[in-house]
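Asker: Provided below: work_2.txt, containing compact mmCIF, C-alpha atoms.
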```txt
# COMPACT_ATOMS: atom_id res chain seq x y z
CA MET L 1 68.35 146.35 96.21
CA ALA L 2 70.56 144.88 93.48
CA LEU L 3 70.19 146.40 90.02
CA HIS L 4 69.04 143.17 88.36
CA THR L 5 66.41 142.69 91.07
CA TRP L 6 65.16 146.23 90.61
CA LEU L 7 64.95 145.77 86.83
CA LEU L 8 62.90 142.61 87.32
CA TYR L 9 60.70 144.47 89.80
CA LEU L 10 60.30 147.36 87.35
CA LEU L 11 59.15 144.94 84.66
CA ALA L 12 56.70 143.27 87.06
CA VAL L 13 55.14 146.50 88.33
CA THR L 14 54.81 147.82 84.79
CA GLY L 15 52.78 144.75 83.92
CA LEU L 16 50.86 145.14 87.17
CA SER L 17 49.97 148.74 86.36
CA LEU L 18 48.52 147.61 83.03
CA THR L 19 46.04 145.41 84.89
CA PRO L 20 42.72 147.25 85.34
CA GLY L 21 41.79 147.95 88.94
CA PRO L 22 39.69 150.44 90.93
CA ASN L 23 42.23 153.27 90.66
CA THR L 24 42.87 152.84 86.96
CA MET L 25 39.13 152.82 86.31
CA LEU L 26 38.73 155.90 88.51
CA ALA L 27 41.48 157.74 86.62
CA LEU L 28 39.87 156.74 83.33
CA THR L 29 36.45 157.96 84.45
CA HIS L 30 37.69 161.21 85.97
CA GLY L 31 39.79 161.86 82.87
CA ALA L 32 36.69 161.57 80.69
CA LEU L 33 34.54 163.67 83.02
CA HIS L 34 36.91 166.36 84.29
CA GLY L 35 39.96 166.36 82.01
CA HIS L 36 43.49 165.09 82.59
CA GLN L 37 44.78 168.12 84.52
CA ARG L 38 42.13 167.96 87.23
CA THR L 39 42.48 164.17 87.36
CA LEU L 40 46.04 164.66 88.63
CA TYR L 41 44.48 165.13 92.09
CA THR L 42 42.77 161.74 91.84
CA ILE L 43 45.97 160.07 90.71
CA SER L 44 48.04 161.75 93.44
CA GLY L 45 45.62 160.53 96.10
CA GLY L 46 45.93 157.01 94.75
CA ALA L 47 49.74 157.18 94.82
CA VAL L 48 49.68 158.20 98.49
CA GLY L 49 47.26 155.38 99.24
CA PHE L 50 49.41 152.80 97.47
CA ALA L 51 52.47 153.94 99.43
CA CYS L 52 50.53 153.48 102.70
CA VAL L 53 49.39 149.97 101.74
CA ILE L 54 52.91 148.98 100.70
CA ALA L 55 54.26 150.32 104.01
CA LEU L 56 51.73 148.24 105.98
CA SER L 57 52.66 145.16 103.96
CA MET L 58 56.35 145.75 104.67
CA VAL L 59 55.63 146.01 108.40
CA GLY L 60 54.04 142.56 108.32
CA ILE L 61 56.86 141.14 106.21
CA GLY L 62 59.46 142.61 108.56
CA ALA L 63 57.76 141.04 111.58
CA LEU L 64 57.75 137.63 109.90
CA LEU L 65 61.43 137.91 108.97
CA GLN L 66 62.31 138.69 112.58
CA ALA L 67 60.32 135.68 113.77
CA SER L 68 61.85 133.15 111.36
CA ALA L 69 64.83 133.02 109.06
CA HIS L 70 62.87 130.80 106.67
CA ALA L 71 59.79 133.04 106.57
CA LEU L 72 60.83 134.76 103.33
CA LEU L 73 61.08 131.46 101.44
CA VAL L 74 57.62 130.47 102.68
CA LEU L 75 56.24 133.89 101.73
CA LYS L 76 57.68 133.57 98.24
CA TRP L 77 55.93 130.27 97.54
CA VAL L 78 52.65 131.14 99.23
CA GLY L 79 52.71 134.51 97.48
CA GLY L 80 53.43 132.86 94.13
CA ALA L 81 50.46 130.53 94.57
CA TYR L 82 48.28 133.52 95.43
CA LEU L 83 49.38 135.35 92.29
CA VAL L 84 48.50 132.30 90.18
CA TRP L 85 45.07 132.18 91.84
CA LEU L 86 44.53 135.87 91.09
CA GLY L 87 45.52 135.25 87.48
CA VAL L 88 42.93 132.49 87.14
CA GLN L 89 40.25 134.73 88.66
CA LEU L 90 41.13 137.58 86.31
CA TRP L 91 41.17 135.23 83.30
CA ARG L 92 37.62 134.12 84.15
CA ALA L 93 36.33 137.61 85.03
CA PRO L 94 33.79 139.33 82.77
CA PRO L 95 34.75 142.60 81.04
CA LEU L 96 34.83 145.61 83.35
CA GLN L 97 31.75 147.80 83.28
CA LEU L 98 32.94 151.39 83.36
CA ASP L 99 29.45 152.65 84.19
CA ALA L 100 29.82 151.01 87.60
CA VAL L 101 32.43 153.55 88.61
CA GLY L 102 30.88 156.44 86.76
CA GLY L 103 29.05 157.67 89.86
CA MET L 104 32.37 158.07 91.64
CA GLY L 105 33.36 160.86 89.28
CA ARG L 106 30.53 163.32 89.93
CA ALA L 107 32.31 165.52 92.45
CA SER L 108 34.93 167.67 90.74
CA HIS L 109 36.31 169.49 93.78
CA ARG L 110 40.07 168.95 93.95
CA SER L 111 40.20 167.76 97.56
CA MET L 112 37.28 165.41 96.94
CA MET L 113 39.01 163.92 93.92
CA PHE L 114 42.21 163.45 95.94
CA ARG L 115 40.25 161.65 98.68
CA GLN L 116 38.50 159.45 96.15
CA GLY L 117 41.86 158.34 94.76
CA LEU L 118 43.26 157.80 98.26
CA PHE L 119 40.31 155.81 99.57
CA SER L 120 40.09 153.76 96.40
CA ALA L 121 43.69 152.63 96.97
CA ILE L 122 43.40 151.84 100.68
CA SER L 123 39.79 150.70 101.07
CA ASN L 124 40.23 147.31 99.43
CA PRO L 125 41.53 144.81 102.04
CA LYS L 126 42.65 142.53 99.21
CA ALA L 127 45.33 145.10 98.30
CA LEU L 128 47.17 144.49 101.57
CA LEU L 129 47.07 140.75 100.95
CA PHE L 130 48.26 141.24 97.38
CA TYR L 131 51.30 143.33 98.32
CA GLY L 132 52.08 140.88 101.09
CA ALA L 133 52.33 138.21 98.38
CA PHE L 134 54.01 140.34 95.70
CA LEU L 135 56.74 142.24 97.54
CA PRO L 136 58.55 139.26 99.17
CA GLN L 137 59.47 138.01 95.69
CA PHE L 138 61.98 140.90 95.45
CA ILE L 139 63.19 141.34 99.03
CA ASP L 140 66.79 140.69 99.98
CA PRO L 141 66.82 139.93 103.75
CA ALA L 142 70.51 140.86 103.92
CA ARG L 143 69.76 144.49 102.99
CA SER L 144 67.86 147.25 104.75
CA LEU L 145 64.16 146.44 104.63
CA TRP L 146 63.07 150.08 104.75
CA LEU L 147 65.50 151.17 102.05
CA GLN L 148 64.02 148.46 99.86
CA PHE L 149 60.55 149.72 100.81
CA ALA L 150 61.49 153.23 99.68
CA ILE L 151 62.79 151.93 96.35
CA MET L 152 59.87 149.60 95.70
CA ALA L 153 57.17 152.03 96.81
CA GLY L 154 58.76 154.87 94.85
CA THR L 155 59.08 152.75 91.72
CA PHE L 156 55.55 151.41 91.89
CA CYS L 157 53.92 154.77 92.63
CA THR L 158 55.86 156.45 89.81
CA ILE L 159 54.88 153.82 87.23
CA GLU L 160 51.28 153.78 88.42
CA PHE L 161 51.10 157.58 88.40
CA LEU L 162 52.41 157.81 84.83
CA PHE L 163 50.13 155.06 83.55
CA GLU L 164 47.02 156.50 85.18
CA TYR L 165 47.83 159.95 83.83
CA LEU L 166 48.19 158.47 80.35
CA LEU L 167 44.78 156.84 80.80
CA ALA L 168 43.29 160.16 81.88
CA ARG L 169 44.70 161.91 78.78
CA LEU L 170 43.42 159.21 76.43
CA ALA L 171 40.18 158.45 78.30
CA HIS L 172 37.78 159.07 75.43
CA ARG L 173 39.76 156.80 73.10
CA ILE L 174 40.49 153.99 75.58
CA ARG L 175 37.03 153.51 77.11
CA PRO L 176 35.38 152.13 73.91
CA LEU L 177 38.35 149.82 73.26
CA LEU L 178 38.30 148.48 76.82
CA GLN L 179 34.58 147.79 76.58
CA ARG L 180 35.04 146.05 73.21
CA PHE L 181 38.11 143.97 74.02
CA GLY L 182 37.72 143.78 77.82
CA LYS L 183 37.46 139.98 77.99
CA ARG L 184 40.62 139.45 75.93
CA PHE L 185 42.43 142.08 77.96
CA ASN L 186 41.46 140.32 81.20
CA ARG L 187 42.84 137.06 79.85
CA VAL L 188 46.15 138.64 78.86
CA CYS L 189 46.51 140.23 82.30
CA GLY L 190 45.39 137.03 84.05
CA GLY L 191 47.95 135.03 82.12
CA ALA L 192 50.65 137.53 83.09
CA PHE L 193 49.72 137.16 86.78
CA ALA L 194 49.90 133.38 86.52
CA VAL L 195 53.32 133.52 84.86
CA MET L 196 54.59 135.86 87.58
CA GLY L 197 53.22 133.56 90.26
CA VAL L 198 55.04 130.54 88.82
CA SER L 199 58.33 132.20 87.88
CA LEU L 200 59.03 134.77 90.61
CA PRO L 201 59.52 132.30 93.52
CA LEU L 202 62.17 130.56 91.39
CA THR L 203 64.05 133.82 90.73
CA ARG L 204 67.23 134.46 92.69
```
Give the structure from this file in structure tokens form.
Answerer:
Amino acid sequence: MALHTWLLYLLAVTGLSLTPGPNTMLALTHGALHGHQRTLYTISGGAVGFACVIALSMVGIGALLQASAHALLVLKWVGGAYLVWLGVQLWRAPPLQLDAVGGMGRASHRSMMFRQGLFSAISNPKALLFYGAFLPQFIDPARSLWLQFAIMAGTFCTIEFLFEYLLARLAHRIRPLLQRFGKRFNRVCGGAFAVMGVSLPLTR
């Protein structure tokens, strides 16, 4: 992966990590209930789950690239349209209700927390579709697909891990702010998704 492509990917996944999802909400809840050190097990499980989902997405992308030389271009534009659609949905979404995930944080056993993070990352079928739309924007078909997978999965999981750990440490301060400004936050994140969806397919 070329350095400029990786830097663009790093910027995109940093913005992606800021978008609230099941794992960020789980890290926030577990951080408030069990403390940031114990929540490391939850976050680690999520990182493993994200790596698995990214790997499955790359398998599908690799199969399409073998079937057609033009598949990557098609994936870029279809994926961009999907990202715009997700942005519109997030813009219109109501503020997240943290109480909805509160029940997920009752068990404090380390292995249970790891499994909760893992299953939260892999149990949503939309995640596979999302990565199938997101990753092709940064793939160079002339380079090793699995080396690019290692770089992209490692980068994403590292950024996500650090962000979720920060959430866990600041859980008691962030939860009231997210509840107060949740609608505005959704619109900022939704707008960012839409911008990515429009601009990334045009990036070379």
Asker: Would you mind telling me which residue in L:Gly35, L:Thr24, L:Gln148, L:Val13 lies nearest to Arg169 (chain L) when using all atoms listed in the file?
Answerer: L:Gly35
Asker: Just give me the gap between CA of Trp6 (chain L) and CA of Val88 (chain L) in Å, one decimal is fine.
Answerer: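 Rounded to one decimal, the two atoms are 26.4 Å apart.
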Asker: Tell me which protein, DNA and RNA residues are within 9 Å of Arg115 (chain L), counting only C-alpha atoms, leaving out same-chain ones fewer than 2 positions away, and put them as a tab-separated table (two decimals) with C-alpha atoms, keeping the file's coordinate frame.
Answerer:
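Done, and the output landed in selection29.tsv:
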```tsv
chain	number	residue	atom	x	y	z
L	41	TYR	CA	44.48	165.13	92.09
L	42	THR	CA	42.77	161.74	91.84
L	45	GLY	CA	45.62	160.53	96.10
L	46	GLY	CA	45.93	157.01	94.75
L	110	ARG	CA	40.07	168.95	93.95
L	111	SER	CA	40.20	167.76	97.56
L	112	MET	CA	37.28	165.41	96.94
L	113	MET	CA	39.01	163.92	93.92
L	117	GLY	CA	41.86	158.34	94.76
L	118	LEU	CA	43.26	157.80	98.26
L	119	PHE	CA	40.31	155.81	99.57
L	120	SER	CA	40.09	153.76	96.40
```
Asker: Using all atoms listed in the file, which residue out of L:Ala121, L:Leu129, L:Val84, L:Ala47 lies closest to Phe156 (chain L)?
Answerer: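 Among the listed residues, the smallest separation from Phe156 (chain L) belongs to L:Ala47.
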Asker: Looking at only C-alpha atoms, which of L:His30, L:Ala2, L:Ile43, L:Ala171 is the one that sits closest to Ile159 (chain L)?
Answerer: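 Using only C-alpha atoms, Ile159 (chain L) sits closest to L:Ile43.
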Asker: With only C-alpha atoms as the atoms that count, which of L:Leu135, L:Ser199, L:Tyr9, L:Ala27 lies nearest to Thr155 (chain L)?
Answerer: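 Nearest to Thr155 (chain L): L:Tyr9.
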Asker: Go through L:Pro136, L:Gly154, L:Pro22, L:Gly191 and flag the residue nearest Thr5 (chain L), using all atoms listed in the file for the distances.
Answerer: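 Distance minimum relative to Thr5 (chain L) lands on L:Pro136.
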Asker: Find the distance between CA of Arg38 (chain L) and CA of Tyr165 (chain L) and write it in Å to one decimal.
Answerer: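 Atom-to-atom, CA of Arg38 (chain L) and CA of Tyr165 (chain L) are spaced 10.4 Å apart.
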Asker: Could you check which residues have any atom within 6 Å of (36.0, 137.0, 78.0), counting only C-alpha atoms with coordinates taken straight from the file, and then list them as an NGL selection string?
Answerer: :L and (94 or 183-184)
Asker: Of the residues L:Leu64, L:Leu162, L:Val48, L:Val78, which is the one nearest to Ser17 (chain L), using all atoms listed in the file?
Answerer: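 Closest to Ser17 (chain L), using all atoms listed in the file: L:Leu162.
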Asker: Just the number, please: distance in Å from CA of Leu128 (chain L) to CA of Leu3 (chain L), one decimal.
Answerer: 25.8 Å
